[in-house]
Each structure stands twice: as structure tokens, then as C-alpha cells.
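Peer 1: Quick one: the structure is below, questions incoming.
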Amino acid sequence: MAAAADIGVIGGSGFYEFLTDAQEVPVETPFGDPSEPVLVGELDGRRVAFLPRHGKDHRFPPHKIPYRANLWALRSLGVRRILAPSAVGSLTASYGPGTLIVPDQLVDRTRGRAQTFYDEQAVHVPFADPYCPSGRAHAIAVARASGWVPAGSGTLVVIDGPRFSTRAESQWYAAQGWTLIGMTGHPEAVLARELALCYTTLALVTDTDAGVDEGDGVTQAEVFEVFGKNVIRLRDLVARVIAAFPDEREDDLCAHALDGISLPIELP
């Protein structure tokens with residue numbers, strides 16, 4: 001069976017409009033249903049699969065997103081490269097709302113989320129560099145060429161949510177040298193690595209976290225407003241990055257993440 005798509009996008013509702021001739025493809029997984037049936041369509045001659053991580057109606061809070069089902073469903077359709085645009089908070093005044101960042105590091109501060117496909121035997125995947133080096137390089141180059149110059153590195157700390165941080169928490173995160181904060185980047189990244197998928201995050205800063213500036217702190221309305229103002233620009237950038245990908249994915253650390261490891265389950 002030919003792959004339905006090679007490239008996947010996990011994002012928000014604003015990305016539905018960037019695929020043409022799209023069809024919903026229901027996918028069953030051993031880990032339940034994904035957030036929605038996967039939308040598969042054409043983008044500049046490329047077959048792309050789109051999955052809204054929170055569901056069409058934003059019904060899944062960050063700690064209840066079916067991350068394992070989502071990643072498994074995309075791989076089942078042939079996806080091997082994933083772009084994950086997301087809204088994040090900034091832990092430094094240097095990165096204000098509207099800043100684009102392609103992070104290179106991740107810190108997990110979540111609790112209780114299922115973060116492995118391999119519950120039956122020890123499968124230790126390399127994760128020192130949690131994001132795809134090839135995907136990051138393409139994203140940074142395309143963003144610079146398009147005039148939206150990104151920060152080419154950054155550390156994303158992922159918290160459970162759904163509440164925002166206290167001032168003390170965000171000050172502590174910033175004191176560690178971490179630069180971004182979000183609620184969905186983990187276990188999405190490690191699950192992609194466990195499936196030997198290339199995974200690249202495009203982080204849009206929507207707010208400065210509570211400990212960075214004095215004031216009332218972060219509000220949901222503020223986050224949604226900034227993301228809404230930038231979603232078309234972010235969607236266009238994702239399309240440009242996809243167009244810049246070579247036909248075959250690079251032979252990098254993501255592709256070889258499972259080399260030499262005996263797996264307890266058969267991957268799709």
C-alpha cells in the first residue's frame with residue numbers, strides 16, 4: 001500500500017485551510033482514536049497529513065490529548081516527517097509576542113502522561129537532541145528567506161497545565177536558563193522519536209510568562225488573540241517549509257533512532 005502522505009502537520013484549527021482536495025481518513029490505533037480523523041490532501045504537489053492536536057473544537061486539554069494515538073496514526077499513513085507549530089509563552093523579555101523560535105532543547109515538567117509506546121520491555125531511544133536536525137535547518141533557512149527571522153535555538157519547558165504558571169514558577173524556570181514554556185510539546189516529541197519520525201517544532205510566542213513582566217499575568221484571551229493575528233503567517237511558513245523538504249527525508253539521527261533495538265511491538 002502506497003503512503004497516503006509523507007509529511008504530517010500537528011497544529012491548530014487555523015491550519016485546516018492550507019490543504020486542497022483534502023479528505024478525512026479515519027485511522028484505528030492500538031492506543032485508541034486520535035484527536036480527529038486525519039485530514040490528508042495536497043500542498044504544492046506534496047501529500048500532507050494534518051491533525052489538530054486539541055481536536056476540531058479544542059475539546060482536549062493539554063494533559064488529555066491522545067498523543068500516542070496521534071503519532072501512531074500519522075506513521076500508519078506513511079508520515080515520516082512532522083512539523084508541529086504551537087503557541088508558547090516566553091520566559092525572557094528578549095522574545096516578545098510574535099517572535100518565531102525553532103527550539104533545539106526540551107525540558108519535561110509534566111506528570112502522569114503516557115510517554116512511551118513500549119510498556120512491555122525496555123526500549124531506550126536516544127533523546128539528547130529532541131528535535132530533528134534536518135527539519136530544524138530547513139525551517140530556520142526558510143523562515144529567514146521569507147523575512148520572519150527566527151531565534152534558531154531555545155529550550156522549551158513543558159508543563160501539564162491547563163493552568164498558567166505562578167510568578168514563582170516562571171521565575172524559577174527562567175533562572176534555569178530555559179526560554180520558552182508550553183503545554184503540548186511533550187510527550188509529542190519523544191513519541192515521534194520512538195517511531196523514528198523527524199519532528200520539528202515551530203514555536204510562536206504569544207505572551208510573556210507571569211514572572212517576566214509585572215501585571216496581571218497570562219490570560220487565555222491574550223494567547224488566542226496573538227495566535228489568531230499570526231496564524232496566517234505561520235500557516236504560510238509551514239507551507240514554505242514543506243515545499244523546501246527534499247523528496248526523501250535526510251538520513252539523520254531520527255531515521256536511525258531505533259537502529260539495533262529489539263522492539264516488543266510491530267510498527268506500522
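By convention in this document, the chains of the C-alpha cells carry letters A, B, ... by their order, each chain's residues are numbered from 1, and ligands are numbered from 1 in the order they are shown.
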Identify, on the basis of only C-alpha atoms, every residue whose closest approach to region 105-117 of chain A does not exceed 7 Å; exclude the query and any residue fewer than 4 positions from it along the same chain; express the result as number ranges by chain.

Peer 2: A: 63, 129-130, 154-160, 186-187, 191

Peer 1: Output the selection as a CSV table (one decimal), in the first residue's frame - N, CA, C and O atoms for each residue.

Peer 2:
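Result file is part32.csv:
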```csv
chain,number,residue,atom,x,y,z
A,63,HIS,N,-3.4,18.0,28.9
A,63,HIS,CA,-3.0,16.7,29.6
A,63,HIS,C,-3.8,15.5,29.2
A,63,HIS,O,-3.6,14.4,29.6
A,129,ASP,N,19.2,15.2,21.7
A,129,ASP,CA,18.8,16.3,20.8
A,129,ASP,C,17.3,15.9,20.4
A,129,ASP,O,17.1,15.1,19.5
A,130,PRO,N,16.3,16.5,21.0
A,130,PRO,CA,15.0,16.0,20.9
A,130,PRO,C,14.3,16.4,19.6
A,130,PRO,O,13.2,15.9,19.3
A,154,GLY,N,16.5,27.5,21.4
A,154,GLY,CA,15.7,27.8,22.6
A,154,GLY,C,15.4,26.5,23.3
A,154,GLY,O,15.3,25.4,22.7
A,155,THR,N,15.1,26.6,24.6
A,155,THR,CA,14.8,25.5,25.4
A,155,THR,C,13.3,25.6,25.8
A,155,THR,O,12.9,26.6,26.5
A,156,LEU,N,12.5,24.7,25.4
A,156,LEU,CA,11.1,24.7,25.7
A,156,LEU,C,10.8,23.8,27.0
A,156,LEU,O,11.1,22.6,26.9
A,157,VAL,N,10.3,24.4,28.0
A,157,VAL,CA,9.9,23.6,29.2
A,157,VAL,C,8.4,23.3,29.1
A,157,VAL,O,7.6,24.2,28.8
A,158,VAL,N,8.0,22.1,29.2
A,158,VAL,CA,6.6,21.7,29.0
A,158,VAL,C,6.0,21.4,30.4
A,158,VAL,O,6.5,20.5,31.1
A,159,ILE,N,4.9,22.0,30.7
A,159,ILE,CA,4.2,21.8,31.9
A,159,ILE,C,2.8,21.2,31.6
A,159,ILE,O,2.4,21.2,30.5
A,160,ASP,N,2.2,20.7,32.7
A,160,ASP,CA,0.9,20.0,32.5
A,160,ASP,C,-0.2,20.9,32.1
A,160,ASP,O,-1.0,20.6,31.2
A,186,HIS,N,5.5,17.9,24.9
A,186,HIS,CA,5.9,16.6,25.5
A,186,HIS,C,4.6,16.0,26.0
A,186,HIS,O,3.8,16.6,26.7
A,187,PRO,N,4.4,14.7,25.6
A,187,PRO,CA,5.3,13.7,25.0
A,187,PRO,C,5.4,13.7,23.5
A,187,PRO,O,5.9,12.7,23.0
A,191,LEU,N,7.5,10.7,21.6
A,191,LEU,CA,6.8,9.7,20.9
A,191,LEU,C,7.2,9.6,19.4
A,191,LEU,O,7.2,8.6,18.8
```

Peer 1: For Thr208 (chain A), which residue out of A:Cys254, A:Ala73, A:Ala4, A:Leu180 is the nearest one, using only C-alpha atoms?

Peer 2: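 Selected residue with least distance to Thr208 (chain A): A:Leu180.
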
Peer 1: Using only C-alpha atoms, which protein or nucleic acid residues come within 8 Å of Cys132 (chain A)? Drop anything in the same chain fewer than 4 positions from it, and give the result as an mmCIF file with N, CA and C atoms, in the first residue's frame.

Peer 2:
```cif
data_model
loop_
_atom_site.group_PDB
_atom_site.id
_atom_site.type_symbol
_atom_site.label_atom_id
_atom_site.label_comp_id
_atom_site.auth_asym_id
_atom_site.auth_seq_id
_atom_site.Cartn_x
_atom_site.Cartn_y
_atom_site.Cartn_z
ATOM 1 N N ARG A 136 14.951 21.167 11.541
ATOM 2 C CA ARG A 136 15.250 22.476 12.112
ATOM 3 C C ARG A 136 16.011 23.338 11.110
ATOM 4 N N CYS A 198 10.940 12.189 12.024
ATOM 5 C CA CYS A 198 11.568 13.501 12.134
ATOM 6 C C CYS A 198 10.522 14.485 12.668
ATOM 7 N N TYR A 199 10.851 15.199 13.747
ATOM 8 C CA TYR A 199 9.883 16.066 14.415
ATOM 9 C C TYR A 199 10.508 17.431 14.640
ATOM 10 N N THR A 200 9.840 18.479 14.145
ATOM 11 C CA THR A 200 10.346 19.847 14.259
ATOM 12 C C THR A 200 9.244 20.753 14.786
ATOM 13 N N ASP A 252 19.260 11.021 8.919
ATOM 14 C CA ASP A 252 19.765 11.662 10.124
ATOM 15 C C ASP A 252 19.461 10.830 11.366
ATOM 16 N N LEU A 253 19.683 11.428 12.540
ATOM 17 C CA LEU A 253 19.539 10.678 13.796
ATOM 18 C C LEU A 253 18.107 10.193 14.013
ATOM 19 N N CYS A 254 17.117 10.913 13.511
ATOM 20 C CA CYS A 254 15.725 10.485 13.692
ATOM 21 C C CYS A 254 15.464 9.172 12.951
#
```

Peer 1: Nearest residue to Leu91 (chain A) out of A:Ser262, A:Ser170, A:Thr206, A:Gln121, using only C-alpha atoms?

Peer 2: A:Ser170

Peer 1: Find the residues near region 41-44 of chain A: any atom within 12 Å, counting only C-alpha atoms, skip ones fewer than 5 places away on the same chain, and give them as a ChimeraX atom specification.

Peer 2: /A:4-9,15-25,49-51,235-236,238-245

Peer 1: Convert the current residue selection to file output with C-alpha atoms, as a PDB file, in the first residue's frame.

Peer 2:
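The resulting file, selection-v1.pdb, is reproduced below:
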```
ATOM      1  CA  ALA A   4      -1.087   8.394   1.954  1.00  0.00           C
ATOM      2  CA  ALA A   5       1.308  11.175   2.992  1.00  0.00           C
ATOM      3  CA  ASP A   6       4.996  11.629   3.786  1.00  0.00           C
ATOM      4  CA  ILE A   7       4.738  14.866   5.769  1.00  0.00           C
ATOM      5  CA  GLY A   8       2.496  15.497   8.751  1.00  0.00           C
ATOM      6  CA  VAL A   9       1.428  18.690  10.477  1.00  0.00           C
ATOM      7  CA  PHE A  15      -4.328  25.091   9.550  1.00  0.00           C
ATOM      8  CA  TYR A  16      -7.355  23.359   8.039  1.00  0.00           C
ATOM      9  CA  GLU A  17      -7.419  25.767   5.139  1.00  0.00           C
ATOM     10  CA  PHE A  18      -3.938  25.115   3.807  1.00  0.00           C
ATOM     11  CA  LEU A  19      -4.692  21.737   2.178  1.00  0.00           C
ATOM     12  CA  THR A  20      -6.515  21.296  -1.123  1.00  0.00           C
ATOM     13  CA  ASP A  21      -8.623  18.306  -2.147  1.00  0.00           C
ATOM     14  CA  ALA A  22      -8.433  17.127   1.458  1.00  0.00           C
ATOM     15  CA  GLN A  23     -10.207  14.059   2.752  1.00  0.00           C
ATOM     16  CA  GLU A  24     -10.685  12.815   6.293  1.00  0.00           C
ATOM     17  CA  VAL A  25      -9.042   9.444   6.835  1.00  0.00           C
ATOM     18  CA  ALA A  49      -1.489  14.813   6.594  1.00  0.00           C
ATOM     19  CA  PHE A  50      -2.946  17.279   9.093  1.00  0.00           C
ATOM     20  CA  LEU A  51      -4.062  16.500  12.627  1.00  0.00           C
ATOM     21  CA  ARG A 235       0.484  28.670   8.140  1.00  0.00           C
ATOM     22  CA  ASP A 236       2.248  30.189   5.130  1.00  0.00           C
ATOM     23  CA  VAL A 238       4.688  25.822   7.338  1.00  0.00           C
ATOM     24  CA  ALA A 239       3.690  25.526   3.680  1.00  0.00           C
ATOM     25  CA  ARG A 240       7.027  27.004   2.581  1.00  0.00           C
ATOM     26  CA  VAL A 241       8.988  24.637   4.821  1.00  0.00           C
ATOM     27  CA  ILE A 242       7.089  21.653   3.437  1.00  0.00           C
ATOM     28  CA  ALA A 243       7.852  22.802  -0.119  1.00  0.00           C
ATOM     29  CA  ALA A 244      11.548  23.054   0.807  1.00  0.00           C
ATOM     30  CA  PHE A 245      11.761  19.498   2.089  1.00  0.00           C
TER      31      PHE A 245
END
```

Peer 1: Would you pick out the contacts of Leu202 (chain A) at 7 Å or less, using only C-alpha atoms, so that residues sharing its chain but fewer than 2 positions from it are not included, and give the list as a list of chain:residue names?

Peer 2: A:Ala84, A:Pro85, A:Ser86, A:Ile101, A:Val102, A:Thr200, A:Leu204

Peer 1: Which of region 28-130 of chain A end up as strand (DSSP E or B) when DSSP is run on this backbone - answer as a ChimeraX atom specification?

Peer 2: /A:38-43,46-52,81-90,100-101,105-109

Peer 1: With only C-alpha atoms as the counted atoms, please give the residues lying no more than 12 Å from Ala87 (chain A), apart from itself and same-chain residues fewer than 2 positions off, as JSON, numbers by chain.

Peer 2: {"A": [11, 12, 84, 85, 89, 90, 97, 98, 99, 100, 101, 102, 156, 158, 180, 181, 182, 183, 184, 185, 201, 202, 203, 204, 205, 206, 207, 208, 220, 222, 223, 224, 225, 226, 227, 228, 229, 230, 231, 234]}

Peer 1: Of the candidates A:Glu188, A:Asp259, A:Asp57, A:Asp119, which one gets nearest to Ala69 (chain A) if we count only C-alpha atoms?

Peer 2: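 Closest to Ala69 (chain A) of all the choices is A:Glu188.
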
Peer 1: Looking at A:Ala143, A:Leu267, A:Leu77, A:Leu83, which one is nearest to Arg233 (chain A), with distances taken over only C-alpha atoms?

Peer 2: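 When distances to Arg233 (chain A) are compared using only C-alpha atoms, the smallest one comes from A:Ala143.
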
Peer 1: For a quick check of understanding, using only C-alpha atoms, which of A:Val190, A:Ile65, A:Leu71, A:Ile232 has the smallest distance to Ser35 (chain A)?

Peer 2: A:Ile65

Peer 1: Calculated over only C-alpha atoms, which of the candidates A:Ile82, A:Gly55, A:Asp209, A:Arg68 has the smallest distance to Ala168 (chain A)?

Peer 2: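 Using only C-alpha atoms, the shortest distance to Ala168 (chain A) belongs to A:Asp209.
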
Peer 1: Could you write out, as a list in words, all the residues of region 12-62 of chain A that DSSP marks as helix (DSSP H, G or I)?

Peer 2: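 So, restricting region 12-62 of chain A to helix (DSSP H, G or I), we get Ser13, Gly14, Phe15, Tyr16, Glu17, Phe18 and Pro62 of chain A.
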
Peer 1: Would you mind reading off the distance between CA of Ser153 (chain A) and CA of Arg193 (chain A), one decimal, in Å?

Peer 2: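 CA of Ser153 (chain A) sits 19.2 Å away from CA of Arg193 (chain A).
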
Peer 1: Work out how far apart CA of Ala257 (chain A) and CA of Glu28 (chain A) are and give it in Å to one decimal.

Peer 2: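 Interatomic distance, CA of Ala257 (chain A) to CA of Glu28 (chain A): 24.5 Å.
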